[in-house]
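The data block below is target.txt; it holds compact mmCIF, C-alpha atoms.
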# COMPACT_ATOMS: atom_id res chain seq x y z
CA MET A 164 0.00 0.00 0.00
CA ILE A 165 2.81 2.42 0.90
CA ALA A 166 4.54 1.62 -2.38
CA LEU A 167 1.39 2.67 -4.28
CA VAL A 168 0.94 5.94 -2.36
CA PHE A 169 4.61 6.95 -2.34
CA PRO A 170 4.90 8.09 -6.03
CA ALA A 171 1.84 10.34 -5.76
CA THR A 172 3.04 11.74 -2.43
CA LEU A 173 6.48 12.43 -3.86
CA LEU A 174 4.92 14.18 -6.87
CA VAL A 175 2.83 16.42 -4.61
CA LEU A 176 5.87 17.28 -2.53
CA ILE A 177 7.91 18.18 -5.62
CA LEU A 178 5.23 20.12 -7.52
CA LEU A 179 3.30 21.74 -4.67
CA VAL A 180 4.92 21.68 -1.26
CA GLY A 181 8.44 22.48 -2.51
CA PRO A 182 7.49 25.62 -4.50
CA MET A 183 5.18 26.82 -1.70
CA ALA A 184 7.97 26.42 0.85
CA GLY A 185 10.33 28.37 -1.40
CA LEU A 186 7.73 31.10 -1.85
CA PHE A 187 7.19 31.34 1.90
CA ARG A 188 10.93 31.62 2.48
CA MET A 189 11.07 34.38 -0.12
CA SER A 190 8.31 36.28 1.67
CA LEU A 191 10.53 36.60 4.74
CA ASN A 192 13.28 38.39 2.80
CA GLN A 193 13.62 42.16 2.50
CA TYR A 194 13.37 44.27 -0.62
CA SER A 195 16.09 46.64 -1.74
CA PRO A 196 15.81 48.87 -4.85
CA SER A 197 19.47 48.26 -5.63
CA GLU A 198 19.85 44.58 -4.70
CA LEU A 199 16.15 43.64 -5.24
CA MET A 200 16.15 41.00 -2.50
CA ILE A 201 18.14 40.72 0.71
CA GLU A 202 18.29 37.47 2.66
CA ALA A 203 16.48 37.91 5.98
CA LEU A 204 13.97 36.36 8.36
CA SER A 205 11.53 39.22 8.77
CA GLY A 206 7.77 39.48 8.92
CA GLU A 207 7.66 43.11 7.83
CA ASN A 208 6.17 42.21 4.44
CA TYR A 209 3.18 40.60 6.16
CA VAL A 210 2.82 43.55 8.52
CA GLN A 211 2.78 45.91 5.55
CA ALA A 212 0.31 43.77 3.60
CA LEU A 213 -2.12 43.61 6.53
CA SER A 214 -1.72 47.14 7.90
CA ASP A 215 -1.51 49.24 4.73
CA PRO A 216 -4.98 50.75 4.04
CA TYR A 217 -4.44 50.35 0.29
CA TYR A 218 -3.96 46.58 0.52
CA GLN A 219 -6.68 46.30 3.15
CA GLY A 220 -9.02 47.83 0.56
CA ILE A 221 -7.83 45.37 -2.09
CA LEU A 222 -8.42 42.46 0.29
CA LEU A 223 -11.92 43.72 1.14
CA THR A 224 -12.71 44.15 -2.55
CA THR A 225 -11.51 40.62 -3.31
CA VAL A 226 -13.62 39.08 -0.54
CA THR A 227 -16.69 41.12 -1.54
CA VAL A 228 -16.41 40.06 -5.18
CA ALA A 229 -15.91 36.40 -4.19
CA PHE A 230 -18.98 36.35 -1.93
CA SER A 231 -21.06 38.19 -4.55
CA CYS A 232 -20.06 35.70 -7.25
CA MET A 233 -20.80 32.77 -4.96
CA ALA A 234 -24.27 34.07 -4.04
CA LEU A 235 -25.11 34.93 -7.65
CA SER A 236 -23.87 31.56 -8.89
CA VAL A 237 -26.02 29.68 -6.39
CA THR A 238 -29.09 31.76 -7.25
CA LEU A 239 -28.69 31.32 -11.00
CA SER A 240 -27.58 27.67 -10.93
CA LEU A 241 -30.29 26.02 -8.83
CA ALA A 242 -32.93 25.85 -11.56
CA PRO A 243 -30.60 24.81 -14.45
CA ALA A 244 -28.92 22.19 -12.26
CA TYR A 245 -32.25 20.67 -11.24
CA TRP A 246 -33.54 20.72 -14.83
CA LEU A 247 -30.37 19.05 -16.11
CA ALA A 248 -30.39 16.42 -13.35
CA ARG A 249 -34.02 15.41 -13.92
CA MET A 250 -33.87 15.50 -17.72
CA GLN A 251 -34.82 12.23 -19.39
CA SER A 252 -34.27 13.38 -22.97
CA ARG A 253 -31.73 11.85 -25.32
CA TRP A 254 -30.27 15.36 -25.64
CA LYS A 255 -29.08 15.35 -22.03
CA SER A 256 -25.50 14.45 -22.98
CA MET A 257 -25.43 17.24 -25.57
CA ILE A 258 -26.74 19.80 -23.06
CA THR A 259 -24.14 18.66 -20.51
CA ILE A 260 -21.44 19.20 -23.13
CA LEU A 261 -22.84 22.66 -23.89
CA THR A 262 -22.68 23.44 -20.17
CA LEU A 263 -19.03 22.40 -20.20
CA PHE A 264 -18.28 24.26 -23.42
CA PRO A 265 -17.51 27.66 -21.80
CA LEU A 266 -14.74 25.96 -19.82
CA LEU A 267 -12.98 25.16 -23.10
CA VAL A 268 -12.63 28.89 -23.83
CA GLY A 269 -9.94 30.88 -22.04
CA ASN A 270 -10.90 33.50 -19.47
CA VAL A 271 -9.30 36.22 -21.58
CA VAL A 272 -11.48 35.34 -24.56
CA ARG A 273 -14.62 35.31 -22.43
CA ALA A 274 -13.68 38.63 -20.83
CA ALA A 275 -13.16 40.08 -24.31
CA GLY A 276 -16.68 38.97 -25.20
CA TRP A 277 -18.06 40.75 -22.14
CA MET A 278 -16.10 43.85 -23.10
CA ALA A 279 -17.81 43.80 -26.49
CA LEU A 280 -21.17 43.68 -24.72
CA LEU A 281 -20.55 46.15 -21.90
CA ASN A 282 -18.39 48.74 -23.62
CA ASN A 283 -19.74 52.27 -24.10
CA ASP A 284 -20.04 51.46 -27.81
CA GLY A 285 -20.92 47.83 -27.14
CA ALA A 286 -23.98 45.77 -27.95
CA ILE A 287 -25.99 46.69 -24.84
CA ASN A 288 -25.59 50.45 -25.25
CA ALA A 289 -26.24 50.12 -28.98
CA PHE A 290 -29.50 48.33 -28.17
CA LEU A 291 -30.48 51.00 -25.65
CA ARG A 292 -29.90 53.72 -28.25
CA LEU A 293 -32.73 52.20 -30.28
CA PHE A 294 -35.06 53.27 -27.47
CA GLY A 295 -33.73 56.82 -27.29
CA VAL A 296 -31.06 56.40 -24.61
CA THR A 297 -28.44 58.79 -25.97
CA GLU A 298 -26.04 58.82 -23.00
CA PRO A 299 -24.22 55.47 -22.82
CA LEU A 300 -24.40 53.60 -19.53
CA GLN A 301 -21.07 53.04 -17.78
CA LEU A 302 -21.15 49.25 -17.66
CA ILE A 303 -17.50 48.44 -18.31
CA TYR A 304 -14.74 49.06 -15.75
CA THR A 305 -17.06 48.71 -12.78
CA PRO A 306 -17.26 46.21 -9.88
CA THR A 307 -20.59 45.01 -11.31
CA ALA A 308 -18.91 44.10 -14.60
CA VAL A 309 -16.28 42.11 -12.69
CA VAL A 310 -18.92 40.23 -10.68
CA ILE A 311 -20.94 39.44 -13.83
CA GLY A 312 -17.90 38.31 -15.80
CA THR A 313 -16.49 36.19 -12.96
CA THR A 314 -19.88 34.61 -12.26
CA ALA A 315 -20.14 33.61 -15.91
CA VAL A 316 -16.75 31.90 -15.59
CA VAL A 317 -17.57 29.89 -12.46
CA MET A 318 -21.25 29.06 -13.04
CA PRO A 319 -20.62 25.84 -15.04
CA TYR A 320 -18.78 24.40 -12.04
CA MET A 321 -21.74 25.13 -9.79
CA ILE A 322 -24.30 23.74 -12.24
CA LEU A 323 -22.43 20.50 -12.88
CA THR A 324 -21.62 19.95 -9.20
CA LEU A 325 -25.23 20.45 -8.13
CA SER A 326 -26.74 18.41 -10.96
CA SER A 327 -24.48 15.42 -10.26
CA VAL A 328 -25.71 15.32 -6.64
CA VAL A 329 -29.38 15.87 -7.52
CA GLU A 330 -29.19 12.95 -9.95
CA GLY A 331 -28.47 10.64 -7.01
CA ILE A 332 -31.52 11.79 -5.03
CA PRO A 333 -34.57 9.50 -5.57
CA ARG A 334 -37.39 11.29 -7.31
CA GLN A 335 -39.82 9.42 -5.02
CA THR A 336 -38.98 11.72 -2.13
CA GLU A 337 -40.25 14.72 -4.10
CA GLU A 338 -43.34 12.85 -5.24
CA ALA A 339 -44.12 11.78 -1.67
CA ALA A 340 -43.86 15.34 -0.39
CA ALA A 341 -46.06 16.59 -3.24
CA ASN A 342 -48.67 13.91 -2.50
CA LEU A 343 -48.75 15.10 1.11
CA GLY A 344 -49.70 18.59 -0.06
CA ALA A 345 -46.35 20.36 -0.26
CA SER A 346 -46.05 23.06 -2.90
CA PRO A 347 -43.22 22.87 -5.48
CA LEU A 348 -41.24 25.54 -3.60
CA ILE A 349 -41.57 23.69 -0.30
CA VAL A 350 -40.56 20.43 -1.98
CA PHE A 351 -37.48 22.12 -3.42
CA PHE A 352 -36.31 23.97 -0.32
CA ARG A 353 -37.47 21.57 2.43
CA VAL A 354 -36.98 18.18 0.75
CA LEU A 355 -34.59 18.38 -2.18
CA LEU A 356 -32.14 21.08 -1.08
CA PRO A 357 -31.18 19.48 2.27
CA GLN A 358 -30.43 16.23 0.46
CA ALA A 359 -28.37 18.12 -2.12
CA ALA A 360 -26.39 19.88 0.64
CA PRO A 361 -23.08 18.11 -0.15
CA GLY A 362 -23.23 19.27 -3.78
CA LEU A 363 -24.27 22.79 -2.81
CA LEU A 364 -21.46 22.99 -0.26
CA ALA A 365 -18.86 21.67 -2.71
CA GLY A 366 -20.06 24.05 -5.43
CA CYS A 367 -19.96 27.07 -3.12
CA VAL A 368 -16.45 26.26 -1.93
CA LEU A 369 -15.18 25.72 -5.48
CA VAL A 370 -16.78 28.90 -6.81
CA PHE A 371 -15.54 30.94 -3.85
CA ILE A 372 -11.94 29.75 -4.29
CA LEU A 373 -11.99 30.43 -8.04
CA SER A 374 -13.47 33.89 -7.51
CA MET A 375 -10.94 34.80 -4.82
CA ASN A 376 -8.08 33.93 -7.18
CA ALA A 377 -9.52 35.44 -10.39
CA TYR A 378 -7.01 37.36 -12.46
CA ALA A 379 -7.89 37.93 -16.13
CA THR A 380 -11.52 38.94 -15.62
CA PRO A 381 -10.86 41.63 -12.96
CA VAL A 382 -7.99 43.06 -14.99
CA LEU A 383 -9.94 43.30 -18.26
CA LEU A 384 -13.42 44.19 -16.94
CA GLY A 385 -12.40 46.18 -13.86
CA GLY A 386 -9.92 48.46 -15.57
CA PRO A 387 -6.95 50.24 -14.00
CA GLY A 388 -9.00 51.64 -11.12
CA PHE A 389 -10.12 48.22 -9.87
CA THR A 390 -7.67 45.79 -8.25
CA MET A 391 -8.02 42.39 -6.62
CA LEU A 392 -5.36 40.43 -4.79
CA ALA A 393 -4.30 38.12 -7.61
CA PRO A 394 -3.49 41.03 -9.99
CA ALA A 395 -1.80 42.83 -7.07
CA VAL A 396 0.50 39.82 -6.57
CA TYR A 397 1.34 39.85 -10.28
CA ASP A 398 2.10 43.57 -10.18
CA GLN A 399 4.54 43.15 -7.29
CA PHE A 400 6.41 40.33 -9.03
CA VAL A 401 6.47 41.69 -12.59
CA LYS A 402 6.10 45.48 -12.43
CA ALA A 403 7.57 46.44 -9.07
CA ALA A 404 10.09 43.55 -8.96
CA ASN A 405 9.38 43.35 -5.21
CA TRP A 406 9.40 39.57 -4.94
CA PRO A 407 9.37 39.33 -1.11
CA PHE A 408 6.30 41.54 -0.81
CA GLY A 409 4.61 39.78 -3.73
CA ALA A 410 5.24 36.43 -2.01
CA ALA A 411 3.77 37.80 1.22
CA LEU A 412 0.68 39.02 -0.64
CA ALA A 413 0.33 35.58 -2.22
CA PHE A 414 0.29 33.95 1.22
CA VAL A 415 -2.15 36.54 2.53
CA LEU A 416 -4.43 35.59 -0.36
CA LEU A 417 -3.92 31.89 0.37
CA ALA A 418 -4.57 32.26 4.09
CA THR A 419 -7.65 34.43 3.56
CA THR A 420 -9.05 31.96 1.05
CA LEU A 421 -8.50 29.02 3.41
CA LEU A 422 -10.01 30.79 6.42
CA LEU A 423 -13.07 32.06 4.58
CA THR A 424 -13.57 28.76 2.76
CA THR A 425 -13.58 26.98 6.12
CA ALA A 426 -16.05 29.52 7.53
CA VAL A 427 -18.34 29.25 4.48
CA SER A 428 -18.25 25.45 4.69
CA PHE A 429 -19.06 25.49 8.41
CA PHE A 430 -21.96 27.93 8.21
CA LEU A 431 -23.46 26.36 5.09
CA ALA A 432 -23.22 22.87 6.56
CA ARG A 433 -24.77 24.08 9.81
CA SER A 434 -27.56 25.98 8.04
CA LEU A 435 -28.43 23.10 5.73
CA GLY A 436 -28.21 20.64 8.64
CA GLU A 437 -30.71 22.71 10.66
CA ARG A 438 -32.99 22.94 7.63
CA HIS A 439 -32.82 19.17 7.21
CA ALA A 440 -33.58 18.63 10.92
CA THR A 441 -36.69 20.85 10.81
CA ALA A 442 -37.95 19.42 7.49

Same coordinates, now as structure tokens:
Amino acid sequence: MIALVFPATLLVLILLVGPMAGLFRMSLNQYSPSELMIEALSGENYVQALSDPYYQGILLTTVTVAFSCMALSVTLSLAPAYWLARMQSRWKSMITILTLFPLLVGNVVRAAGWMALLNNDGAINAFLRLFGVTEPLQLIYTPTAVVIGTTAVVMPYMILTLSSVVEGIPRQTEEAAANLGASPLIVFFRVLLPQAAPGLLAGCVLVFILSMNAYATPVLLGGPGFTMLAPAVYDQFVKAANWPFGAALAFVLLATTLLLTTAVSFFLARSLGERHATA
């Protein structure tokens, strides 16, 4: 058994643990404009990342966008996931492939498509001009554009995760509740949703992590005045050449994602568990 696990463990250590350990060691170094990086064992980069109001604002923006995308994804994915899971048509495989299809397109390409829609001279403002709206709406380079674009990226994960769990729930439980007089909404929220809690929890965690670490969509749809943590890490490494501080920001992003993911998992599991107990 150990012989079977050892190659995979070694691969994880080489490809994941090793680089992360090196990055953490780099985050403890000091930055010098002349020497770029000075060997040290200092936590000043973390102090700066957590105490600087500018980076506090970036962290708050990142968390707000991630929670907004998660909530919007859940709201928009419940009905399509249920419809896909209960579909008996021969076209089900084709529709599943179409749900997966956006994942085959790069985030940059999808963001470019949203730019064509949301731009001041884009499709939406062109459509509004047909109804006499002469002043274009500022849709691009706003937090709303980032939330919409990021939600479009992560929604297929939520839909497929939820539908795979709903498929394993016997339809007879819904029929029994309906025969006892429950309305469709009560059947969905009091019978089906508690049983689909593992899929909902997994989908929320996955969407939240992807949204926290989004890069291309915030850069292209948010514009220069909108920054999230992942682009901020890139800027420190590539533009400012401040590798120690960029490494510290990367670990702040990692730690925040882990802490909030754990909190989201706990509260969702507790909420769905209480709903299941009272059903």

To box segment 178-184 of chain A, take all atoms listed in the file, fit an axis-aligned box, add 8 Å on each side, and give centre and edge lengths in Å to one decimal, as AutoDock Vina command-line options.
--center_x 5.9 --center_y 23.5 --center_z -3.3 --size_x 21.1 --size_y 22.7 --size_z 24.4

For this session: Rank A:Ser214, A:Thr172, A:Thr307, A:Asn192 by their smallest atom-to-atom distance to Val415 of chain A, using only C-alpha atoms, and report the top residue only.
Result: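 Of all the options, A:Ser214 lies closest to Val415 of chain A.
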
Exercise. Can you list, as a PyMOL selection string, every protein, DNA or RNA residue that comes within 12 Å of segment 350-356 of chain A when you count all atoms listed in the file, leaving out same-chain residues fewer than 4 positions away?
Worked result: chain A and resi 237+241-242+244-245+325-326+328-346+360-364+431-432+434-442

If you keep C-alpha atoms, can you produce a file of those selected residues as a PDB file, keeping the file's coordinate frame?
ATOM      1  CA  VAL A 237     -26.020  29.680  -6.390  1.00  0.00           C
ATOM      2  CA  LEU A 241     -30.290  26.020  -8.830  1.00  0.00           C
ATOM      3  CA  ALA A 242     -32.930  25.850 -11.560  1.00  0.00           C
ATOM      4  CA  ALA A 244     -28.920  22.190 -12.260  1.00  0.00           C
ATOM      5  CA  TYR A 245     -32.250  20.670 -11.240  1.00  0.00           C
ATOM      6  CA  LEU A 325     -25.230  20.450  -8.130  1.00  0.00           C
ATOM      7  CA  SER A 326     -26.740  18.410 -10.960  1.00  0.00           C
ATOM      8  CA  VAL A 328     -25.710  15.320  -6.640  1.00  0.00           C
ATOM      9  CA  VAL A 329     -29.380  15.870  -7.520  1.00  0.00           C
ATOM     10  CA  GLU A 330     -29.190  12.950  -9.950  1.00  0.00           C
ATOM     11  CA  GLY A 331     -28.470  10.640  -7.010  1.00  0.00           C
ATOM     12  CA  ILE A 332     -31.520  11.790  -5.030  1.00  0.00           C
ATOM     13  CA  PRO A 333     -34.570   9.500  -5.570  1.00  0.00           C
ATOM     14  CA  ARG A 334     -37.390  11.290  -7.310  1.00  0.00           C
ATOM     15  CA  GLN A 335     -39.820   9.420  -5.020  1.00  0.00           C
ATOM     16  CA  THR A 336     -38.980  11.720  -2.130  1.00  0.00           C
ATOM     17  CA  GLU A 337     -40.250  14.720  -4.100  1.00  0.00           C
ATOM     18  CA  GLU A 338     -43.340  12.850  -5.240  1.00  0.00           C
ATOM     19  CA  ALA A 339     -44.120  11.780  -1.670  1.00  0.00           C
ATOM     20  CA  ALA A 340     -43.860  15.340  -0.390  1.00  0.00           C
ATOM     21  CA  ALA A 341     -46.060  16.590  -3.240  1.00  0.00           C
ATOM     22  CA  ASN A 342     -48.670  13.910  -2.500  1.00  0.00           C
ATOM     23  CA  LEU A 343     -48.750  15.100   1.110  1.00  0.00           C
ATOM     24  CA  GLY A 344     -49.700  18.590  -0.060  1.00  0.00           C
ATOM     25  CA  ALA A 345     -46.350  20.360  -0.260  1.00  0.00           C
ATOM     26  CA  SER A 346     -46.050  23.060  -2.900  1.00  0.00           C
ATOM     27  CA  ALA A 360     -26.390  19.880   0.640  1.00  0.00           C
ATOM     28  CA  PRO A 361     -23.080  18.110  -0.150  1.00  0.00           C
ATOM     29  CA  GLY A 362     -23.230  19.270  -3.780  1.00  0.00           C
ATOM     30  CA  LEU A 363     -24.270  22.790  -2.810  1.00  0.00           C
ATOM     31  CA  LEU A 364     -21.460  22.990  -0.260  1.00  0.00           C
ATOM     32  CA  LEU A 431     -23.460  26.360   5.090  1.00  0.00           C
ATOM     33  CA  ALA A 432     -23.220  22.870   6.560  1.00  0.00           C
ATOM     34  CA  SER A 434     -27.560  25.980   8.040  1.00  0.00           C
ATOM     35  CA  LEU A 435     -28.430  23.100   5.730  1.00  0.00           C
ATOM     36  CA  GLY A 436     -28.210  20.640   8.640  1.00  0.00           C
ATOM     37  CA  GLU A 437     -30.710  22.710  10.660  1.00  0.00           C
ATOM     38  CA  ARG A 438     -32.990  22.940   7.630  1.00  0.00           C
ATOM     39  CA  HIS A 439     -32.820  19.170   7.210  1.00  0.00           C
ATOM     40  CA  ALA A 440     -33.580  18.630  10.920  1.00  0.00           C
ATOM     41  CA  THR A 441     -36.690  20.850  10.810  1.00  0.00           C
ATOM     42  CA  ALA A 442     -37.950  19.420   7.490  1.00  0.00           C
TER      43      ALA A 442
END

For this session: Go through A:Leu323, A:Val316, A:Val175, A:Leu293 and flag the residue nearest Trp246 of chain A, using all atoms listed in the file for the distances.
Result: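 With all atoms listed in the file as the atom set, the closest residue is A:Leu323.
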
Problem set entry | For segment 273-289 of chain A: contacts at 9 Å, all atoms listed in the file, fewer than 5 positions along chain excluded, given as a list in words |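 Listed by chain and then number, they are Pro265, Val268, Val296, Thr297, Glu298, Pro299, Leu300, Gln301, Leu302, Ile303, Tyr304, Ala308, Ile311, Gly312, Thr313, Ala315, Val316, Ala379, Thr380, Pro381, Leu383 and Leu384 of chain A.
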
Problem set entry | Residues within 8 Å of segment 365-371 of chain A, all atoms listed in the file, excluding chain neighbours under 5 positions, as a PyMOL selection string | chain A and resi 229-230+232-233+236-237+317-318+320-321+324-325+424+427-428

Problem set entry | Given only C-alpha atoms as the counted atoms, nearest of A:Asn208, A:Thr259, A:Thr227, A:Thr425 to Tyr194 of chain A | A:Asn208

For this session: May I ask for the distance between atom CA of Leu173 of chain A and atom CA of Leu266 of chain A, given in Å to one decimal place?
Result: 29.8 Å

For this session: Mind giving me the straight-line distance from atom CA of Phe187 of chain A to atom CA of Leu204 of chain A in Å, one decimal?
Result: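 Spanning atom CA of Phe187 of chain A to atom CA of Leu204 of chain A is a straight-line distance of 10.6 Å.
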
Problem set entry | Neighbour list for Ala395 of chain A as a PyMOL selection string, cut-off 9 Å, only C-alpha atoms, skip fewer than 2 positions in-chain | chain A and resi 218+221+390-393+397-400+409+412-413

Can those selected residues be exported to a file as an mmCIF file, keeping the file's coordinate frame so that it contains C-alpha atoms?
data_model
loop_
_atom_site.group_PDB
_atom_site.id
_atom_site.type_symbol
_atom_site.label_atom_id
_atom_site.label_comp_id
_atom_site.auth_asym_id
_atom_site.auth_seq_id
_atom_site.Cartn_x
_atom_site.Cartn_y
_atom_site.Cartn_z
ATOM 1 C CA TYR A 218 -3.960 46.580 0.520
ATOM 2 C CA ILE A 221 -7.830 45.370 -2.090
ATOM 3 C CA THR A 390 -7.670 45.790 -8.250
ATOM 4 C CA MET A 391 -8.020 42.390 -6.620
ATOM 5 C CA LEU A 392 -5.360 40.430 -4.790
ATOM 6 C CA ALA A 393 -4.300 38.120 -7.610
ATOM 7 C CA TYR A 397 1.340 39.850 -10.280
ATOM 8 C CA ASP A 398 2.100 43.570 -10.180
ATOM 9 C CA GLN A 399 4.540 43.150 -7.290
ATOM 10 C CA PHE A 400 6.410 40.330 -9.030
ATOM 11 C CA GLY A 409 4.610 39.780 -3.730
ATOM 12 C CA LEU A 412 0.680 39.020 -0.640
ATOM 13 C CA ALA A 413 0.330 35.580 -2.220
#

Seminar exercise, completed: For Thr420 of chain A, the closest of A:Ala377, A:Val226, A:Leu235, A:Leu291 counting only C-alpha atoms is A:Val226

Missing atoms in segment 188-214 of chain A: fill them in up to N, CA and C atoms and send the result as a PDB file, in the frame of the given file.
ATOM      1  N   ARG A 188       9.599  31.141   2.080  1.00  0.00           N
ATOM      2  CA  ARG A 188      10.930  31.620   2.480  1.00  0.00           C
ATOM      3  C   ARG A 188      11.250  32.960   1.829  1.00  0.00           C
ATOM      4  N   MET A 189      10.846  33.119   0.577  1.00  0.00           N
ATOM      5  CA  MET A 189      11.070  34.380  -0.120  1.00  0.00           C
ATOM      6  C   MET A 189      10.303  35.520   0.539  1.00  0.00           C
ATOM      7  N   SER A 190       9.124  35.228   1.074  1.00  0.00           N
ATOM      8  CA  SER A 190       8.310  36.280   1.670  1.00  0.00           C
ATOM      9  C   SER A 190       8.929  36.840   2.944  1.00  0.00           C
ATOM     10  N   LEU A 191       9.876  36.132   3.525  1.00  0.00           N
ATOM     11  CA  LEU A 191      10.530  36.600   4.740  1.00  0.00           C
ATOM     12  C   LEU A 191      11.767  37.450   4.455  1.00  0.00           C
ATOM     13  N   ASN A 192      12.137  37.553   3.180  1.00  0.00           N
ATOM     14  CA  ASN A 192      13.280  38.390   2.800  1.00  0.00           C
ATOM     15  C   ASN A 192      12.876  39.857   2.769  1.00  0.00           C
ATOM     16  N   GLN A 193      13.856  40.718   2.593  1.00  0.00           N
ATOM     17  CA  GLN A 193      13.620  42.160   2.500  1.00  0.00           C
ATOM     18  C   GLN A 193      13.901  42.643   1.082  1.00  0.00           C
ATOM     19  N   TYR A 194      13.216  43.714   0.719  1.00  0.00           N
ATOM     20  CA  TYR A 194      13.370  44.270  -0.620  1.00  0.00           C
ATOM     21  C   TYR A 194      14.319  45.465  -0.584  1.00  0.00           C
ATOM     22  N   SER A 195      15.175  45.511  -1.592  1.00  0.00           N
ATOM     23  CA  SER A 195      16.090  46.640  -1.740  1.00  0.00           C
ATOM     24  C   SER A 195      16.056  47.095  -3.197  1.00  0.00           C
ATOM     25  N   PRO A 196      15.856  48.397  -3.464  1.00  0.00           N
ATOM     26  CA  PRO A 196      15.810  48.870  -4.850  1.00  0.00           C
ATOM     27  C   PRO A 196      17.086  48.570  -5.628  1.00  0.00           C
ATOM     28  N   SER A 197      18.212  48.505  -4.938  1.00  0.00           N
ATOM     29  CA  SER A 197      19.470  48.260  -5.630  1.00  0.00           C
ATOM     30  C   SER A 197      19.793  46.780  -5.756  1.00  0.00           C
ATOM     31  N   GLU A 198      19.534  46.010  -4.686  1.00  0.00           N
ATOM     32  CA  GLU A 198      19.850  44.580  -4.700  1.00  0.00           C
ATOM     33  C   GLU A 198      18.621  43.714  -4.948  1.00  0.00           C
ATOM     34  N   LEU A 199      17.432  44.315  -5.017  1.00  0.00           N
ATOM     35  CA  LEU A 199      16.150  43.640  -5.240  1.00  0.00           C
ATOM     36  C   LEU A 199      15.724  42.795  -4.051  1.00  0.00           C
ATOM     37  N   MET A 200      16.562  41.855  -3.603  1.00  0.00           N
ATOM     38  CA  MET A 200      16.150  41.000  -2.500  1.00  0.00           C
ATOM     39  C   MET A 200      17.341  40.733  -1.581  1.00  0.00           C
ATOM     40  N   ILE A 201      17.109  40.939  -0.294  1.00  0.00           N
ATOM     41  CA  ILE A 201      18.140  40.720   0.710  1.00  0.00           C
ATOM     42  C   ILE A 201      17.701  39.574   1.608  1.00  0.00           C
ATOM     43  N   GLU A 202      18.592  38.607   1.797  1.00  0.00           N
ATOM     44  CA  GLU A 202      18.290  37.470   2.660  1.00  0.00           C
ATOM     45  C   GLU A 202      17.999  37.956   4.080  1.00  0.00           C
ATOM     46  N   ALA A 203      16.859  37.520   4.626  1.00  0.00           N
ATOM     47  CA  ALA A 203      16.480  37.910   5.980  1.00  0.00           C
ATOM     48  C   ALA A 203      15.415  36.953   6.490  1.00  0.00           C
ATOM     49  N   LEU A 204      15.090  37.098   7.752  1.00  0.00           N
ATOM     50  CA  LEU A 204      13.970  36.360   8.360  1.00  0.00           C
ATOM     51  C   LEU A 204      13.093  37.386   9.058  1.00  0.00           C
ATOM     52  N   SER A 205      12.321  38.099   8.261  1.00  0.00           N
ATOM     53  CA  SER A 205      11.530  39.220   8.770  1.00  0.00           C
ATOM     54  C   SER A 205      10.075  39.064   8.356  1.00  0.00           C
ATOM     55  N   GLY A 206       9.196  39.508   9.234  1.00  0.00           N
ATOM     56  CA  GLY A 206       7.770  39.480   8.920  1.00  0.00           C
ATOM     57  C   GLY A 206       7.225  40.826   8.495  1.00  0.00           C
ATOM     58  N   GLU A 207       8.110  41.755   8.146  1.00  0.00           N
ATOM     59  CA  GLU A 207       7.660  43.110   7.830  1.00  0.00           C
ATOM     60  C   GLU A 207       6.794  43.151   6.572  1.00  0.00           C
ATOM     61  N   ASN A 208       7.012  42.237   5.648  1.00  0.00           N
ATOM     62  CA  ASN A 208       6.170  42.210   4.440  1.00  0.00           C
ATOM     63  C   ASN A 208       4.725  41.880   4.789  1.00  0.00           C
ATOM     64  N   TYR A 209       4.532  40.949   5.732  1.00  0.00           N
ATOM     65  CA  TYR A 209       3.180  40.600   6.160  1.00  0.00           C
ATOM     66  C   TYR A 209       2.545  41.738   6.944  1.00  0.00           C
ATOM     67  N   VAL A 210       3.341  42.400   7.761  1.00  0.00           N
ATOM     68  CA  VAL A 210       2.820  43.550   8.520  1.00  0.00           C
ATOM     69  C   VAL A 210       2.350  44.639   7.558  1.00  0.00           C
ATOM     70  N   GLN A 211       3.146  44.894   6.527  1.00  0.00           N
ATOM     71  CA  GLN A 211       2.780  45.910   5.550  1.00  0.00           C
ATOM     72  C   GLN A 211       1.522  45.507   4.781  1.00  0.00           C
ATOM     73  N   ALA A 212       1.459  44.243   4.387  1.00  0.00           N
ATOM     74  CA  ALA A 212       0.310  43.770   3.600  1.00  0.00           C
ATOM     75  C   ALA A 212      -0.985  43.859   4.392  1.00  0.00           C
ATOM     76  N   LEU A 213      -0.910  43.635   5.714  1.00  0.00           N
ATOM     77  CA  LEU A 213      -2.120  43.610   6.530  1.00  0.00           C
ATOM     78  C   LEU A 213      -2.446  44.963   7.158  1.00  0.00           C
ATOM     79  N   SER A 214      -1.486  45.860   7.236  1.00  0.00           N
ATOM     80  CA  SER A 214      -1.720  47.140   7.900  1.00  0.00           C
ATOM     81  C   SER A 214      -1.880  48.308   6.932  1.00  0.00           C
TER      82      SER A 214
END
